[in-house]
Amino acid sequence: MNQGKPIARLRRILGHGSGCNATMQAARQLCAGTGGIGSIRIHADVKKALDQNAPVVALESTIISHGMPYPQNVETARRVEDVVRSNGAVPATIAILDGVVHVGLDKKQLEKLGTLGPKCRKCSRRDLGLVVSTKGNGATTVAATMYIASMVGIRVFVTGGIGGAHRGVEKTLDISADLTELARTRVAVVCAGIKSILDIPKTLEILETAGVPVIGYKASEFPAFFSRKSGSKAPIRLDSTEEIARLIVANEELSMQNGVIVAVPVPEKEAGNHSAIETATKQALKEADERKIQGKDI
């Protein structure tokens with residue numbers, strides 16, 4: 001591998017031109033469907049970028065439907081897409097509308113998703129077939145977004161916080177499907193860390209067992225979504241995008257089938273106080289336990 005040109009190599013991976021042509025051809029045939037059951041529609045801007053091996057960044061849609069109210073959700077989604085564009089990549093927000101998987105949404109589709117809000121089904125991998133077959137509406141989680149992104153050849157996905165092992169996992173076995181997807185789907189996930197409500201040390205242990213590289217970008221301590229601190233060491237610290245690109249390219253060339261986590265701490269001026277967040281989290285979980293609220297409802 002030519003270590004002197006990692007970004008150029010990564011740009012090819014961000015498209016679809018590296019090592020998986022047969023899979024990509026099959027995906028393209030599927031995407032050529034007319035909207036029937038099982039079809040995928042790729043937005044024209046995303047398709048053009050993929051055809052030209054230009055950078056494409058996948059975005060999830062659960063944050064739009066379930067993360068905040070309308071119209072704030074749509075306004076935020078548009079701002080996020082604008083940030084991706086301003087950095088030279090094409091955004092591809094992924095969602096299911098009327099049973100069709102969309103990779104990239106136009107303004108009308110984004111508006112529809114935002115107004116539907118929680119009426120959309122929150123879709124992990126297991127839910128995709130159900131929502132498509134019933135011609136329903138679904139917003140994709142980290143796991144589902146990774147799966148669909150990989151299917152069409154998008155290799156980088158940006159989100160807020162990833163799921164993981166819930167506190168008390170030794171009793172409940174409540175572990176997010178995000179971790180399983182990271183173990184078997186070749187997509188780099190850029191995030192602000194693991195959601196602070198989760199058991200971060202146990203989540204990192206599971207990721208280690210699954211063989212998923214976990215990088216702290218310019219950070220020795222693994223971030224906890226709202227906070228720059230978690231009390232857990234970042235398994236890998238890398239201080240430049242070039243180093244991260246080299247790692248992603250190396251995984252690709254070694255035919256690794258797992259994903260990579262790139263954890264970027266929230267900017268210091270916007271970070272929450274770790275101690276205060278931890279205190280509030282423990283209180284919230286105590287109340288949830290008293291009300292018998294469990295699983296994804298938390």
# chains A, B, ... in the order shown; residues from 1 in each chain; ligands from 1
>>> select_by_dssp(residues="region 73-183 of chain A", states="strand (DSSP E or B)", output="list in words")
Val90, Pro91, Ala92, Thr93, Ile94, Ala95, Ile96, Leu97, Val100, Val101, His102, Val103, Arg121, Lys122, Cys123, Gly138, Ala139, Thr140, Val156, Phe157, Val158, Ile162, Ala165, His166 and Ile175 of chain A
>>> residues_around(residues="Asp297 (chain A)", least_positions_apart="3", cutoff="12 Å", atoms="only C-alpha atoms", output="VMD selection string")
chain A and resid 66 122 166 174 285 288 to 289 291 to 294
>>> write_last_selection(atoms="N, CA and C atoms", output="CSV table (one decimal), in the first residue's frame")
chain,number,residue,atom,x,y,z
A,66,HIS,N,-37.4,10.5,15.6
A,66,HIS,CA,-37.6,10.3,17.1
A,66,HIS,C,-36.8,11.2,18.0
A,122,LYS,N,-39.1,2.8,14.1
A,122,LYS,CA,-37.7,2.9,14.3
A,122,LYS,C,-37.1,1.6,13.8
A,166,HIS,N,-26.5,-1.9,27.6
A,166,HIS,CA,-27.2,-1.1,28.7
A,166,HIS,C,-26.6,-1.5,30.0
A,174,ASP,N,-29.3,-6.8,27.4
A,174,ASP,CA,-29.8,-5.8,26.5
A,174,ASP,C,-28.6,-5.1,25.9
A,285,LEU,N,-32.4,6.4,35.2
A,285,LEU,CA,-32.4,5.0,35.1
A,285,LEU,C,-33.2,4.4,36.3
A,288,ALA,N,-36.8,4.9,35.6
A,288,ALA,CA,-37.2,4.0,34.6
A,288,ALA,C,-37.4,2.6,35.1
A,289,ASP,N,-36.5,2.2,36.0
A,289,ASP,CA,-36.7,0.8,36.6
A,289,ASP,C,-37.9,0.8,37.5
A,291,ARG,N,-40.6,2.4,37.0
A,291,ARG,CA,-41.8,2.4,36.1
A,291,ARG,C,-41.8,1.2,35.2
A,292,LYS,N,-40.8,0.3,35.4
A,292,LYS,CA,-40.6,-0.9,34.5
A,292,LYS,C,-40.5,-0.6,33.1
A,293,ILE,N,-39.8,0.5,32.8
A,293,ILE,CA,-39.5,0.8,31.4
A,293,ILE,C,-38.2,0.2,31.0
A,294,GLN,N,-38.2,-0.6,30.0
A,294,GLN,CA,-37.0,-1.4,29.6
A,294,GLN,C,-36.7,-1.4,28.1
>>> atom_distance(atom1="CA of Thr62 (chain A)", atom2="CA of Lys48 (chain A)")
25.4 Å
>>> residues_around(residues="Gly117 (chain A)", least_positions_apart="4", cutoff="9 Å", atoms="only C-alpha atoms", output="list in words")
Thr62, Ile64, Ser65, His66, Gly67, Met68, Pro69, Tyr70, Asn73, Lys112, Leu113 and Ala139 of chain A
>>> closest_residue(among="A:Gly216, A:Pro91, A:Pro223, A:Pro201", to="Ala271 (chain A)", atoms="only C-alpha atoms")
A:Pro223
>>> closest_residue(among="A:Ile200, A:Leu97, A:Val169, A:Val262", to="Ser61 (chain A)", atoms="only C-alpha atoms")
A:Leu97
>>> closest_residue(among="A:Leu116, A:Ala89, A:Leu128, A:Leu254", to="Arg186 (chain A)", atoms="only C-alpha atoms")
A:Leu254
>>> select_by_dssp(residues="region 118-270 of chain A", states="alpha helix (DSSP H)", output="PyMOL selection string")
chain A and resi 128-133+142-152+169-172+177-184+200-209+241-253
